[in-house]
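> One structure, as structure tokens, below. Some questions next.
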Amino acid sequence: MKSICLNSWKIFFGVILAAGLLNAQTRGKISGRVYDAKTEQPLVGANVIIVGQDMGAASDADGNFTILRVYPGSYELKVTYIGYATATLQDVRVYVDRTTFLEIPMLSLIHISEPTRPLYISYAVFCLK
């Protein structure tokens with residue numbers, strides 16, 4: 001009797017493990033890099049969101065991000081970062097067991113001009129006697 005129960009548990013866990021492995025092979029991932037379009041510096045903490053899904057990621061110190069376990073299909077992505085224009089990428093395709101890699105340049109909304117030299121006004125005071 002003990003042997004039958006043990007074998008039943010082995011079969012049960014084997015089915016669960018197989019289902020997990022099959023499920024993992026039916027998804028892909030979206031990966032990429034977010035950077036400043038002008039300076040090409042990475043943007044740390046940029047939010048990359050799949051529109052209409054509860055999935056997304058934030059970029060790391062090198063501007064890299066990865067969204068795991070994405071079902072195959074075509075998606076719209078929104079990328080946001082404080083001080084930058086929102087980037088929208090349409091028709092981002094995800095395939096089974098593949099990585100879709102994206103390079104995402106962001107445009108700054110803040111324009112800092114070069115400092116100008118201070119304007120000096122010189123004047124002279126003449127006293128006539």
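Letters A, B, ... mark the chains of the structure tokens in the order given; residue numbers begin at 1 per chain; ligand numbers begin at 1, in order shown.
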Extract, using only C-alpha atoms, all DNA, RNA and protein residues at most 8 Å from Asn64 in chain A, discarding same-chain residues fewer than 5 positions from it, and format them as a PyMOL selection string.

chain A and resi 31-34+59

> Extract, using only C-alpha atoms, all DNA, RNA and protein residues at most 9 Å from range 52-58 of chain A, discarding same-chain residues fewer than 4 positions from it, and format them as an NGL selection string.

:A and (44-48 or 63-68 or 70 or 75-77)

> Rank nothing, just name the residue among A:Gly73, A:Leu107, A:Gln41, A:Gly83 nearest to Tyr95 in chain A, using only C-alpha atoms.

A:Gly73

> Could you give me, as a list in words, the residues within 10 Å of Gln90 in chain A, counting only C-alpha atoms and dropping anything in the same chain fewer than 2 positions from it?

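Everything that qualifies: Val51, Ser74, Tyr75, Glu76, Leu77, Lys78, Ala87, Thr88, Val92 and Arg93 of chain A.
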